[in-house]
Amino acid sequence: MSTSTTASVSTHILDTSVGRPAEGVAVLLSARTGRQADWQALGGSATDADGRCKDLPDLPEGTTQVRLDFAVERYFEESAESAKKQADAQQDAPANRDSGAVFFPEVAITFAVNPGEHYHVPLLLNPFGYSVYRGS
């Protein structure tokens with residue numbers, strides 16, 4: 001939770017290829033106090049069954065930029081077998097055309113923050129693309 005001198009961050013992941021939350025994705029939270037400052041890894045979490053990280057670390061006072069690193073490769077590797085079964089039913093499905101390698105093994109999102117505000121940053125994910133936005 002943010003105070004008047006810090007910001008706070010939350011996130012969740014929806015796998016749009018299956019229309020469900022992405023469970024078990026590791027998320028690392030880093031922060032810095034300006035564009036030229038070094039990133040400080042604050043810690044991480046993993047998404048729960050609802051695709052949410054409910055225990056990300058607090059941001060230090062003076063944070064102006066935040067980075068969320070999502071390690072999505074393992075998630076896609078673990079769900080590849082069920083995706084292949086679905087793809088076999090559709091002969092032109094991406095899993096039948098692709099090499100099997102994960103196209104985006106990680107997703108790094110960097111954004112600016114202001115003290116006292118909460119930032120919810122959802123990740124909409126699929127095997128060949130992703131999008132993010134500032135949620136509420």
# chains A, B, ... in the order shown; residues from 1 in each chain; ligands from 1
call {"tool": "closest_atom_pairs", "arguments": {"of": "stretch 5-90 of chain A", "to": "stretch 104-123 of chain A", "cutoff": "8 Å", "atoms": "only C-alpha atoms", "output": "JSON lines"}}
result
{"residue": "A:Thr5", "atom": "CA", "partner": "A:Pro115", "partner_atom": "CA", "distance": 5.0}
{"residue": "A:Thr6", "atom": "CA", "partner": "A:Pro115", "partner_atom": "CA", "distance": 4.4}
{"residue": "A:Ala7", "atom": "CA", "partner": "A:Pro115", "partner_atom": "CA", "distance": 4.7}
{"residue": "A:Ser8", "atom": "CA", "partner": "A:His118", "partner_atom": "CA", "distance": 4.7}
{"residue": "A:Val9", "atom": "CA", "partner": "A:Tyr119", "partner_atom": "CA", "distance": 4.8}
{"residue": "A:Ser10", "atom": "CA", "partner": "A:His120", "partner_atom": "CA", "distance": 4.7}
{"residue": "A:Thr11", "atom": "CA", "partner": "A:Val121", "partner_atom": "CA", "distance": 4.8}
{"residue": "A:His12", "atom": "CA", "partner": "A:Pro122", "partner_atom": "CA", "distance": 4.9}
{"residue": "A:Ile13", "atom": "CA", "partner": "A:Leu123", "partner_atom": "CA", "distance": 4.7}
{"residue": "A:Leu14", "atom": "CA", "partner": "A:Leu123", "partner_atom": "CA", "distance": 6.4}
{"residue": "A:Gly62", "atom": "CA", "partner": "A:Pro115", "partner_atom": "CA", "distance": 7.8}
{"residue": "A:Thr63", "atom": "CA", "partner": "A:Val113", "partner_atom": "CA", "distance": 7.2}
{"residue": "A:Thr64", "atom": "CA", "partner": "A:Val113", "partner_atom": "CA", "distance": 5.2}
{"residue": "A:Gln65", "atom": "CA", "partner": "A:Ala112", "partner_atom": "CA", "distance": 4.4}
{"residue": "A:Val66", "atom": "CA", "partner": "A:Phe111", "partner_atom": "CA", "distance": 5.5}
{"residue": "A:Arg67", "atom": "CA", "partner": "A:Thr110", "partner_atom": "CA", "distance": 4.3}
{"residue": "A:Leu68", "atom": "CA", "partner": "A:Ile109", "partner_atom": "CA", "distance": 5.2}
{"residue": "A:Asp69", "atom": "CA", "partner": "A:Ala108", "partner_atom": "CA", "distance": 4.4}
{"residue": "A:Phe70", "atom": "CA", "partner": "A:Val107", "partner_atom": "CA", "distance": 5.1}
{"residue": "A:Ala71", "atom": "CA", "partner": "A:Glu106", "partner_atom": "CA", "distance": 4.7}
{"residue": "A:Val72", "atom": "CA", "partner": "A:Glu106", "partner_atom": "CA", "distance": 5.3}
{"residue": "A:Glu73", "atom": "CA", "partner": "A:Pro105", "partner_atom": "CA", "distance": 4.2}
{"residue": "A:Arg74", "atom": "CA", "partner": "A:Pro105", "partner_atom": "CA", "distance": 8.0}
call {"tool": "write_last_selection", "arguments": {"atoms": "C-alpha atoms", "output": "compact mmCIF listing (two decimals), in the first residue's frame"}}
result
# COMPACT_ATOMS: atom_id res chain seq x y z
CA THR A 5 5.85 9.56 0.01
CA THR A 6 5.84 6.26 -1.89
CA ALA A 7 4.00 4.61 -4.74
CA SER A 8 2.73 1.02 -4.82
CA VAL A 9 2.53 -1.57 -7.58
CA SER A 10 0.38 -4.60 -8.33
CA THR A 11 0.00 -6.75 -11.41
CA HIS A 12 -1.81 -9.70 -12.89
CA ILE A 13 -1.46 -11.78 -16.06
CA LEU A 14 -4.19 -13.01 -18.37
CA GLY A 62 12.19 8.42 -3.88
CA THR A 63 11.29 5.81 -6.53
CA THR A 64 10.53 7.44 -9.87
CA GLN A 65 10.68 4.44 -12.20
CA VAL A 66 9.67 0.81 -11.79
CA ARG A 67 10.40 -2.30 -13.83
CA LEU A 68 8.42 -5.53 -13.75
CA ASP A 69 10.22 -8.55 -15.23
CA PHE A 70 7.90 -11.42 -16.10
CA ALA A 71 9.61 -14.80 -16.66
CA VAL A 72 7.03 -16.28 -19.04
CA GLU A 73 9.18 -18.95 -20.74
CA ARG A 74 8.56 -21.65 -18.13
call {"tool": "closest_residue", "arguments": {"among": "A:Thr47, A:Ser4, A:Ala22, A:Val102", "to": "A:Phe128", "atoms": "only C-alpha atoms"}}
result
A:Val102
call {"tool": "atom_distance", "arguments": {"atom1": "atom CA of A:Asn126", "atom2": "atom CA of A:Glu77"}}
result
12.5 Å
call {"tool": "atom_distance", "arguments": {"atom1": "atom CA of A:Glu23", "atom2": "atom CA of A:Ser45"}}
result
11.4 Å
call {"tool": "select_by_dssp", "arguments": {"residues": "chain A", "states": "strand (DSSP E or B)", "output": "number ranges by chain"}}
result
A: 8-15, 20-21, 26-32, 40-46, 52-53, 65-71, 107-112, 118-120, 123-126, 129-132, 135
call {"tool": "select_by_dssp", "arguments": {"residues": "chain A", "states": "helix (DSSP H, G or I)", "output": "VMD selection string"}}
result
chain A and resid 73 to 89 94 to 97
call {"tool": "decode", "arguments": {"residues": "stretch 8-36 of chain A", "atoms": "N, CA, C and O atoms", "output": "short mmCIF file (atom, residue, chain, number, x, y, z; two decimals), in the first residue's frame"}}
result
data_model
loop_
_atom_site.label_atom_id
_atom_site.label_comp_id
_atom_site.auth_asym_id
_atom_site.auth_seq_id
_atom_site.Cartn_x
_atom_site.Cartn_y
_atom_site.Cartn_z
N SER A 8 2.86 2.47 -4.96
CA SER A 8 2.73 1.02 -4.82
C SER A 8 2.39 0.42 -6.17
O SER A 8 1.87 1.10 -7.06
N VAL A 9 2.69 -0.88 -6.30
CA VAL A 9 2.53 -1.57 -7.58
C VAL A 9 1.85 -2.92 -7.36
O VAL A 9 2.14 -3.63 -6.39
N SER A 10 0.96 -3.26 -8.27
CA SER A 10 0.38 -4.60 -8.33
C SER A 10 0.27 -4.99 -9.80
O SER A 10 0.34 -4.14 -10.69
N THR A 11 0.10 -6.28 -10.04
CA THR A 11 0.00 -6.75 -11.41
C THR A 11 -0.80 -8.04 -11.46
O THR A 11 -1.01 -8.70 -10.44
N HIS A 12 -1.26 -8.38 -12.63
CA HIS A 12 -1.81 -9.70 -12.89
C HIS A 12 -1.59 -10.03 -14.36
O HIS A 12 -1.30 -9.15 -15.17
N ILE A 13 -1.69 -11.32 -14.69
CA ILE A 13 -1.46 -11.78 -16.06
C ILE A 13 -2.66 -12.58 -16.53
O ILE A 13 -3.11 -13.51 -15.85
N LEU A 14 -3.15 -12.23 -17.70
CA LEU A 14 -4.19 -13.01 -18.37
C LEU A 14 -3.60 -13.60 -19.63
O LEU A 14 -3.06 -12.86 -20.47
N ASP A 15 -3.67 -14.91 -19.77
CA ASP A 15 -3.24 -15.59 -20.99
C ASP A 15 -4.40 -15.52 -21.97
O ASP A 15 -5.37 -16.26 -21.84
N THR A 16 -4.31 -14.61 -22.92
CA THR A 16 -5.42 -14.40 -23.85
C THR A 16 -5.57 -15.53 -24.85
O THR A 16 -6.61 -15.63 -25.49
N SER A 17 -4.56 -16.40 -24.97
CA SER A 17 -4.68 -17.52 -25.91
C SER A 17 -5.62 -18.59 -25.38
O SER A 17 -6.16 -19.37 -26.16
N VAL A 18 -5.81 -18.64 -24.07
CA VAL A 18 -6.72 -19.61 -23.48
C VAL A 18 -7.83 -18.95 -22.67
O VAL A 18 -8.71 -19.64 -22.16
N GLY A 19 -7.76 -17.63 -22.51
CA GLY A 19 -8.79 -16.91 -21.79
C GLY A 19 -8.80 -17.17 -20.30
O GLY A 19 -9.85 -17.12 -19.67
N ARG A 20 -7.61 -17.44 -19.73
CA ARG A 20 -7.52 -17.73 -18.30
C ARG A 20 -6.31 -17.02 -17.69
O ARG A 20 -5.36 -16.68 -18.40
N PRO A 21 -6.32 -16.84 -16.37
CA PRO A 21 -5.14 -16.27 -15.72
C PRO A 21 -3.92 -17.17 -15.90
O PRO A 21 -4.05 -18.39 -16.01
N ALA A 22 -2.76 -16.57 -15.95
CA ALA A 22 -1.50 -17.31 -16.07
C ALA A 22 -0.95 -17.54 -14.67
O ALA A 22 -0.50 -16.61 -14.01
N GLU A 23 -0.99 -18.78 -14.23
CA GLU A 23 -0.55 -19.13 -12.88
C GLU A 23 0.92 -19.56 -12.89
O GLU A 23 1.38 -20.21 -13.82
N GLY A 24 1.64 -19.17 -11.84
CA GLY A 24 3.01 -19.64 -11.65
C GLY A 24 4.08 -18.87 -12.39
O GLY A 24 5.21 -19.35 -12.51
N VAL A 25 3.77 -17.68 -12.88
CA VAL A 25 4.78 -16.87 -13.58
C VAL A 25 5.57 -16.07 -12.55
O VAL A 25 4.99 -15.34 -11.74
N ALA A 26 6.89 -16.21 -12.58
CA ALA A 26 7.74 -15.44 -11.68
C ALA A 26 7.78 -13.98 -12.13
O ALA A 26 7.90 -13.69 -13.32
N VAL A 27 7.69 -13.06 -11.15
CA VAL A 27 7.71 -11.63 -11.42
C VAL A 27 8.74 -10.99 -10.49
O VAL A 27 8.70 -11.20 -9.28
N LEU A 28 9.66 -10.23 -11.08
CA LEU A 28 10.68 -9.51 -10.30
C LEU A 28 10.37 -8.02 -10.37
O LEU A 28 10.13 -7.48 -11.45
N LEU A 29 10.39 -7.36 -9.23
CA LEU A 29 10.13 -5.92 -9.14
C LEU A 29 11.45 -5.21 -8.87
O LEU A 29 12.17 -5.56 -7.93
N SER A 30 11.76 -4.23 -9.71
CA SER A 30 12.96 -3.39 -9.52
C SER A 30 12.54 -1.93 -9.56
O SER A 30 11.50 -1.59 -10.14
N ALA A 31 13.36 -1.08 -8.96
CA ALA A 31 13.04 0.35 -8.91
C ALA A 31 14.32 1.16 -9.03
O ALA A 31 15.42 0.66 -8.78
N ARG A 32 14.15 2.43 -9.43
CA ARG A 32 15.27 3.37 -9.44
C ARG A 32 14.74 4.77 -9.16
O ARG A 32 13.56 5.04 -9.30
N THR A 33 15.67 5.65 -8.80
CA THR A 33 15.29 7.00 -8.38
C THR A 33 15.49 8.04 -9.47
O THR A 33 15.49 9.22 -9.17
N GLY A 34 15.65 7.61 -10.70
CA GLY A 34 15.79 8.53 -11.82
C GLY A 34 16.31 7.78 -13.03
O GLY A 34 16.77 6.64 -12.93
N ARG A 35 16.24 8.44 -14.19
CA ARG A 35 16.65 7.78 -15.43
C ARG A 35 18.10 7.32 -15.44
O ARG A 35 18.43 6.33 -16.07
N GLN A 36 18.96 8.03 -14.78
CA GLN A 36 20.38 7.69 -14.78
C GLN A 36 20.78 6.77 -13.62
O GLN A 36 21.90 6.26 -13.58
#
